[in-house]
$ cat run21.cif   # mmCIF, C-alpha atoms
data_work
loop_
_atom_site.label_atom_id
_atom_site.label_comp_id
_atom_site.auth_asym_id
_atom_site.auth_seq_id
_atom_site.Cartn_x
_atom_site.Cartn_y
_atom_site.Cartn_z
CA MET A 1 62.58 78.81 132.11
CA PHE A 2 63.95 82.37 132.18
CA THR A 3 65.71 81.69 135.50
CA THR A 4 67.40 78.60 134.04
CA PHE A 5 68.50 80.50 130.95
CA TYR A 6 69.86 83.33 133.10
CA ARG A 7 71.84 80.87 135.25
CA LEU A 8 73.36 79.23 132.15
CA ILE A 9 74.49 82.60 130.75
CA LYS A 10 75.80 83.73 134.14
CA THR A 11 77.81 80.50 134.51
CA GLY A 12 79.23 80.99 130.99
CA PHE A 13 80.35 84.53 131.85
CA THR A 14 81.79 83.33 135.19
CA ASN A 15 83.81 80.63 133.42
CA PHE A 16 85.06 83.21 130.91
CA LEU A 17 86.27 85.57 133.64
CA ARG A 18 87.64 82.83 135.88
CA ASN A 19 89.97 81.46 133.18
CA GLY A 20 91.91 84.74 133.18
CA TRP A 21 94.97 84.54 130.96
CA LEU A 22 93.60 81.60 128.96
CA SER A 23 90.48 83.60 128.12
CA LEU A 24 92.64 86.58 127.17
CA ALA A 25 94.84 84.42 124.91
CA SER A 26 91.78 82.84 123.30
CA THR A 27 90.20 86.24 122.68
CA ILE A 28 93.39 87.66 121.16
CA ILE A 29 93.82 84.69 118.82
CA MET A 30 90.15 84.86 117.86
CA THR A 31 90.50 88.60 117.15
CA LEU A 32 93.61 88.04 115.00
CA THR A 33 91.81 85.26 113.13
CA LEU A 34 88.82 87.46 112.32
CA ILE A 35 91.04 90.43 111.40
CA THR A 36 93.06 88.26 109.01
CA ILE A 37 90.02 86.77 107.33
CA SER A 38 88.23 90.13 107.07
CA ILE A 39 91.22 92.11 105.78
CA PHE A 40 91.97 89.59 103.04
CA LEU A 41 88.28 89.35 102.17
CA ILE A 42 88.06 93.15 101.84
CA LEU A 43 91.29 93.26 99.82
CA ASN A 44 90.05 90.52 97.52
CA ILE A 45 86.73 92.28 96.86
CA VAL A 46 88.35 95.70 96.39
CA LEU A 47 90.98 94.29 93.99
CA THR A 48 88.35 92.36 92.05
CA GLN A 49 86.23 95.51 91.71
CA GLY A 50 89.35 97.47 90.76
CA ILE A 51 90.17 95.00 87.98
CA GLN A 52 86.59 95.18 86.74
CA THR A 53 86.74 98.99 86.71
CA ILE A 54 90.02 98.92 84.76
CA GLN A 55 88.60 96.38 82.32
CA ASP A 56 85.56 98.59 81.74
CA LYS A 57 87.84 101.54 80.93
CA ILE A 58 90.42 99.65 78.90
CA ASP A 59 90.60 100.12 75.14
CA ILE A 60 92.96 99.65 72.23
CA SER A 61 94.97 102.65 71.08
CA VAL A 62 96.06 102.29 67.46
CA TYR A 63 98.91 104.74 66.89
CA LEU A 64 99.16 105.97 63.30
CA ASN A 65 102.18 106.90 61.20
CA ASP A 66 102.53 110.61 60.43
CA ASN A 67 102.52 109.85 56.69
CA ALA A 68 99.42 107.61 56.86
CA LYS A 69 97.00 108.31 54.02
CA GLY A 70 93.69 109.74 55.14
CA GLN A 71 91.61 107.27 53.11
CA ILE A 72 93.36 104.28 54.65
CA VAL A 73 92.70 105.63 58.14
CA LEU A 74 89.04 106.21 57.22
CA ASP A 75 88.75 102.64 55.85
CA LEU A 76 90.27 101.25 59.04
CA GLN A 77 87.94 103.36 61.19
CA GLU A 78 84.92 102.23 59.16
CA GLU A 79 85.82 98.53 59.36
CA LEU A 80 86.20 98.78 63.13
CA SER A 81 82.92 100.69 63.51
CA ASN A 82 81.07 98.01 61.53
CA ASN A 83 82.32 95.25 63.86
CA LYS A 84 79.44 94.06 66.11
CA ASP A 85 81.75 93.83 69.14
CA VAL A 86 82.97 97.43 68.84
CA LYS A 87 81.19 100.01 70.96
CA LYS A 88 83.05 103.13 69.87
CA VAL A 89 85.91 104.24 67.63
CA ARG A 90 87.36 107.71 68.16
CA TYR A 91 90.02 109.50 66.13
CA ILE A 92 92.62 111.41 68.20
CA SER A 93 94.54 113.99 66.18
CA LYS A 94 98.15 114.96 66.87
CA ASP A 95 97.01 118.26 68.38
CA GLU A 96 94.54 116.55 70.71
CA ALA A 97 97.22 114.04 71.72
CA LYS A 98 99.49 116.97 72.62
CA GLN A 99 96.73 118.63 74.66
CA ARG A 100 96.12 115.39 76.54
CA TYR A 101 99.84 115.02 77.25
CA GLN A 102 100.07 118.58 78.59
CA GLU A 103 96.99 118.09 80.77
CA ARG A 104 98.25 114.78 82.11
CA PHE A 105 101.67 116.15 83.02
CA LYS A 106 100.64 119.68 83.96
CA ASN A 107 102.26 119.25 87.39
CA ASN A 108 105.53 118.04 85.86
CA PRO A 109 107.18 121.08 84.19
CA GLN A 110 110.19 119.04 83.06
CA LEU A 111 108.09 116.68 80.93
CA LYS A 112 106.00 119.57 79.57
CA GLU A 113 109.11 121.48 78.58
CA SER A 114 110.64 118.43 76.91
CA LEU A 115 107.61 118.24 74.62
CA GLU A 116 107.39 121.97 73.91
CA GLY A 117 111.14 122.28 73.42
CA SER A 118 111.20 119.64 70.72
CA GLY A 119 109.70 122.06 68.19
CA GLU A 120 107.45 119.82 66.11
CA ASN A 121 104.78 117.71 67.80
CA PRO A 122 106.30 114.21 68.12
CA LEU A 123 103.06 112.60 69.34
CA PRO A 124 101.22 110.47 66.76
CA ALA A 125 97.54 110.56 65.85
CA SER A 126 95.63 107.48 66.95
CA LEU A 127 92.36 105.58 66.99
CA GLU A 128 90.83 104.66 70.35
CA VAL A 129 88.74 101.49 70.11
CA LYS A 130 86.38 100.37 72.87
CA THR A 131 84.35 97.14 72.84
CA TYR A 132 81.22 96.15 74.73
CA ASP A 133 83.16 93.28 76.31
CA PRO A 134 86.88 93.90 77.11
CA GLU A 135 87.57 90.23 76.37
CA LYS A 136 86.73 90.93 72.72
CA LEU A 137 89.56 93.44 72.29
CA GLU A 138 92.06 90.72 71.42
CA SER A 139 89.86 89.50 68.56
CA LEU A 140 90.41 92.86 66.81
CA LEU A 141 94.18 92.50 66.57
CA PRO A 142 94.15 90.66 63.20
CA VAL A 143 92.41 93.67 61.64
CA PHE A 144 95.46 95.88 62.27
CA GLU A 145 97.75 93.29 60.68
CA LYS A 146 95.95 93.35 57.35
CA GLU A 147 98.19 94.29 54.43
CA GLU A 148 96.10 97.33 53.44
CA TYR A 149 96.54 98.91 56.90
CA LYS A 150 100.21 98.13 57.58
CA SER A 151 101.42 101.40 56.08
CA ALA A 152 99.15 103.40 58.41
CA VAL A 153 99.55 101.54 61.72
CA ARG A 154 102.63 102.36 63.81
CA LYS A 155 101.82 100.51 67.03
CA VAL A 156 98.89 98.87 68.86
CA SER A 157 98.77 99.37 72.66
CA TYR A 158 96.69 96.29 73.58
CA LYS A 159 99.67 94.18 74.63
CA ASP A 160 100.74 96.70 77.29
CA ASN A 161 97.19 96.99 78.67
CA LYS A 162 96.79 93.22 78.72
CA GLU A 163 100.01 92.85 80.69
CA VAL A 164 98.71 95.29 83.33
CA ILE A 165 95.46 93.31 83.69
CA ASP A 166 97.35 90.01 83.85
CA ARG A 167 99.64 91.34 86.59
CA LEU A 168 96.62 92.52 88.59
CA PHE A 169 94.98 89.11 88.22
CA LYS A 170 98.15 87.38 89.42
CA ALA A 171 98.42 89.76 92.39
CA THR A 172 94.78 89.07 93.32
CA GLU A 173 95.27 85.29 93.10
CA PHE A 174 98.44 85.56 95.21
CA ILE A 175 96.62 87.62 97.87
CA LYS A 176 93.79 85.05 97.88
CA LYS A 177 96.22 82.19 98.51
CA ILE A 178 98.06 84.07 101.26
CA GLY A 179 94.73 85.05 102.83
CA TRP A 180 93.32 81.53 102.81
CA GLY A 181 96.60 80.13 104.16
CA LEU A 182 96.88 82.62 107.03
CA GLY A 183 93.15 82.37 107.72
CA ALA A 184 93.32 78.58 107.95
CA ALA A 185 96.38 78.74 110.22
CA PHE A 186 94.69 81.19 112.61
CA ILE A 187 91.43 79.19 112.61
CA ILE A 188 93.28 76.00 113.56
CA THR A 189 95.21 77.89 116.27
CA SER A 190 91.96 79.37 117.61
CA LEU A 191 90.29 75.97 117.69
CA ILE A 192 93.19 74.45 119.64
CA ILE A 193 93.53 77.30 122.17
CA ILE A 194 89.79 77.62 122.81
CA PHE A 195 89.54 73.83 123.08
CA ASN A 196 92.22 73.83 125.80
CA THR A 197 90.61 76.82 127.54
CA ILE A 198 87.21 75.10 127.68
CA ARG A 199 88.85 71.85 128.77
CA THR A 200 90.50 73.72 131.65
CA ALA A 201 87.14 75.22 132.62
CA ILE A 202 85.54 71.77 132.54
CA TYR A 203 88.30 70.36 134.72
CA THR A 204 87.83 73.24 137.19
CA HIS A 205 84.11 72.41 137.43
CA ARG A 206 84.53 68.61 137.36
CA ASP A 207 83.04 68.12 140.86
CA GLU A 208 79.97 70.21 140.03
CA ILE A 209 79.53 68.33 136.74
CA GLU A 210 79.71 64.97 138.50
CA ILE A 211 77.08 66.05 141.05
CA MET A 212 74.76 67.26 138.24
CA LYS A 213 75.18 63.93 136.45
CA LEU A 214 74.40 62.01 139.65
CA VAL A 215 71.16 63.94 140.25
CA GLY A 216 70.10 63.30 136.63
CA ALA A 217 70.65 66.76 135.14
CA ASN A 218 69.97 67.09 131.43
CA PRO A 219 73.26 66.77 129.46
CA TRP A 220 72.48 70.05 127.69
CA PHE A 221 72.24 71.80 131.05
CA ILE A 222 75.87 70.73 131.60
CA ARG A 223 76.98 71.69 128.09
CA TRP A 224 75.35 75.10 127.66
CA PRO A 225 77.57 77.17 130.01
CA PHE A 226 80.66 76.01 128.09
CA LEU A 227 79.00 76.60 124.74
CA ILE A 228 78.10 80.11 125.90
CA GLU A 229 81.73 80.64 126.88
CA GLY A 230 82.75 79.62 123.34
CA ILE A 231 80.17 82.04 121.88
CA LEU A 232 81.60 84.81 124.07
CA TYR A 233 85.02 84.35 122.46
CA GLY A 234 83.40 84.77 119.05
CA VAL A 235 81.37 87.85 120.00
CA LEU A 236 84.22 89.60 121.84
CA GLY A 237 86.68 88.72 119.06
CA THR A 238 84.29 90.20 116.48
CA LEU A 239 83.93 93.43 118.46
CA LEU A 240 87.69 93.89 118.88
CA ALA A 241 88.38 92.93 115.26
CA LEU A 242 85.85 95.48 113.98
CA ILE A 243 87.43 98.23 116.07
CA ALA A 244 90.93 97.29 114.87
CA ILE A 245 89.89 97.07 111.20
CA SER A 246 88.00 100.39 111.33
CA ILE A 247 90.96 102.21 112.88
CA THR A 248 93.42 100.61 110.44
CA LEU A 249 91.36 101.43 107.35
CA ARG A 250 90.72 104.98 108.57
CA LEU A 251 94.47 105.52 108.99
CA LEU A 252 95.13 103.95 105.59
CA ALA A 253 92.49 106.24 104.10
CA VAL A 254 94.37 109.27 105.42
CA SER A 255 97.68 107.91 104.06
CA PHE A 256 96.18 107.09 100.65
CA ASN A 257 94.58 110.53 100.41
CA THR A 258 97.97 112.12 101.13
CA TYR A 259 99.44 110.43 98.07
CA PHE A 260 96.46 110.16 95.72
CA GLY A 261 94.37 113.19 96.66
CA GLU A 262 91.39 113.79 98.91
CA GLY A 263 88.38 111.58 98.20
CA ASP A 264 90.30 108.97 96.21
CA THR A 265 91.47 105.46 97.00
CA GLY A 266 91.54 105.73 100.80
CA ASP A 267 87.99 107.03 101.15
CA GLN A 268 86.77 104.43 98.67
CA VAL A 269 88.21 101.58 100.77
CA PHE A 270 86.84 103.02 104.02
CA GLY A 271 83.52 103.74 102.30
CA PHE A 272 83.40 100.14 101.15
CA LEU A 273 83.75 99.01 104.77
CA LEU A 274 80.92 101.27 105.93
CA LYS A 275 78.68 100.24 103.04
CA ASN A 276 79.16 96.53 103.76
CA LEU A 277 79.46 96.83 107.56
CA ALA A 278 76.34 94.76 108.31
CA THR A 279 77.49 91.93 106.02
CA LEU A 280 80.97 92.01 107.55
CA ILE A 281 79.59 91.88 111.12
CA VAL A 282 77.36 88.90 110.27
CA LEU A 283 80.27 87.11 108.57
CA MET A 284 82.69 87.74 111.44
CA LEU A 285 80.12 86.77 114.08
CA GLY A 286 79.31 83.63 112.13
CA VAL A 287 82.95 82.58 111.82
CA GLY A 288 83.81 83.55 115.42
CA ILE A 289 80.81 81.79 116.98
CA ALA A 290 81.35 78.73 114.76
CA ILE A 291 84.98 78.45 115.95
CA GLY A 292 84.01 78.95 119.61
CA VAL A 293 81.07 76.53 119.56
CA THR A 294 83.04 73.88 117.63
CA SER A 295 85.95 73.99 120.09
CA SER A 296 83.58 73.91 123.09
CA SER A 297 81.52 71.05 121.67
CA VAL A 298 84.59 68.89 121.02
CA ALA A 299 86.03 69.59 124.49
CA ILE A 300 82.71 68.81 126.24
CA ARG A 301 82.12 65.65 124.19
CA LYS A 302 85.59 64.35 124.97
CA TYR A 303 85.16 64.97 128.70
CA LEU A 304 81.67 63.45 128.92
CA LYS A 305 82.82 60.37 127.05
CA LYS A 306 85.74 59.86 129.43
CA SER A 307 83.58 60.32 132.49
#

$ encode --input "run21.cif" --output "structure tokens"
Amino acid sequence: MFTTFYRLIKTGFTNFLRNGWLSLASTIIMTLTLITISIFLILNIVLTQGIQTIQDKIDISVYLNDNAKGQIVLDLQEELSNNKDVKKVRYISKDEAKQRYQERFKNNPQLKESLEGSGENPLPASLEVKTYDPEKLESLLPVFEKEEYKSAVRKVSYKDNKEVIDRLFKATEFIKKIGWGLGAAFIITSLIIIFNTIRTAIYTHRDEIEIMKLVGANPWFIRWPFLIEGILYGVLGTLLALIAISITLRLLAVSFNTYFGEGDTGDQVFGFLLKNLATLIVLMLGVGIAIGVTSSSVAIRKYLKKS
């Protein structure tokens, strides 16, 4: 039993090496297929998590007029606090708004000077409103349009925040479509090339196959070496794709850290890869082996039917 299994694997490896350039082309296409699928899968997950993180942090900033009466602001704050969907309402004074501005733009002297040189503090006081569910933020908008609060409310920031989220959603959907399209194109290409590679290997071994059929060899004994060859394309493609993806993400991590600071976006993306490495390997192996075995099975079936 072990001897038979060893011979089948050895024959599969021999076929793989004997096909030379065809095996190389099949491996390259398989690698590109797995890289494409994996990169777009990683991008999709990272973007989805990014949108979720932004949604969790998003709030409504209600900017107040400088001449707003204190009681009206307190009434507005109380009504929002009593809303069951509201998690927190925080009053930001003009002085605190100025401190935030200075902290945010501390590395931009020009913007800091423009604020300090204006004399009076031009930044308005505001209310920051956070809900338990970001989807509920929009339901609060009618509150700010009530007649009793119109004299106090200068502007509500929700529309700008919503536009940012909508743009991110559209970008994610676009990346998904591009990813699925490229992934499908590479999978079809892989299937065709590996099919032709296996068919060439079968043709090369046609005399041996005919002899095995004449002596009554089990059909699976004929098929297995070619199936193993298809599996090899999947395994080797997975290995090369993992190396390429790891190097690419590591380089991107360095580039991202240059622009965004050490330990930020780049390390998060690379950390995500390391954290989900086992899942990614299983996925890539599954897709690669499925493509290789499918192509091999179709090629073998077609040949055996003809003969």

$ residues_around --input "run21.cif" --residues "A:Leu41" --least-positions-apart "2" --cutoff "10 Å" --atoms "all atoms listed in the file" --output "PyMOL selection string"
chain A and resi 35-39+43-47+175-176+179-180+280

$ resolve_selection --input "run21.cif" --expression "the PyMOL selection byres ((chain A and resi 125-128) around 8)" --output "PDB file with C-alpha atoms, keeping the file's coordinate frame"
ATOM      1  CA  ASP A  59      90.600 100.120  75.140  1.00  0.00           C
ATOM      2  CA  ILE A  60      92.960  99.650  72.230  1.00  0.00           C
ATOM      3  CA  SER A  61      94.970 102.650  71.080  1.00  0.00           C
ATOM      4  CA  VAL A  62      96.060 102.290  67.460  1.00  0.00           C
ATOM      5  CA  TYR A  63      98.910 104.740  66.890  1.00  0.00           C
ATOM      6  CA  LEU A  64      99.160 105.970  63.300  1.00  0.00           C
ATOM      7  CA  ASN A  65     102.180 106.900  61.200  1.00  0.00           C
ATOM      8  CA  ASP A  66     102.530 110.610  60.430  1.00  0.00           C
ATOM      9  CA  GLN A  77      87.940 103.360  61.190  1.00  0.00           C
ATOM     10  CA  LYS A  88      83.050 103.130  69.870  1.00  0.00           C
ATOM     11  CA  VAL A  89      85.910 104.240  67.630  1.00  0.00           C
ATOM     12  CA  ARG A  90      87.360 107.710  68.160  1.00  0.00           C
ATOM     13  CA  TYR A  91      90.020 109.500  66.130  1.00  0.00           C
ATOM     14  CA  ILE A  92      92.620 111.410  68.200  1.00  0.00           C
ATOM     15  CA  SER A  93      94.540 113.990  66.180  1.00  0.00           C
ATOM     16  CA  LYS A  94      98.150 114.960  66.870  1.00  0.00           C
ATOM     17  CA  ALA A  97      97.220 114.040  71.720  1.00  0.00           C
ATOM     18  CA  LEU A 123     103.060 112.600  69.340  1.00  0.00           C
ATOM     19  CA  PRO A 124     101.220 110.470  66.760  1.00  0.00           C
ATOM     20  CA  VAL A 129      88.740 101.490  70.110  1.00  0.00           C
ATOM     21  CA  LYS A 130      86.380 100.370  72.870  1.00  0.00           C
TER      22      LYS A 130
END

$ atom_distance --input "run21.cif" --atom1 "atom CA of A:Val298" --atom2 "atom CA of A:Leu191"
9.7 Å

$ atom_distance --input "run21.cif" --atom1 "atom CA of A:Phe13" --atom2 "atom CA of A:Arg206"
17.4 Å

$ residues_around --input "run21.cif" --residues "A:Asp75" --least-positions-apart "3" --cutoff "12 Å" --atoms "only C-alpha atoms" --output "number ranges by chain"
A: 68-72, 78-82, 143-144, 146, 148-149, 152

$ resolve_selection --input "run21.cif" --expression "the PyMOL selection byres ((chain A and resi 131) around 6)" --output "MDAnalysis selection string"
chainID A and resid 85:87 130 132:134
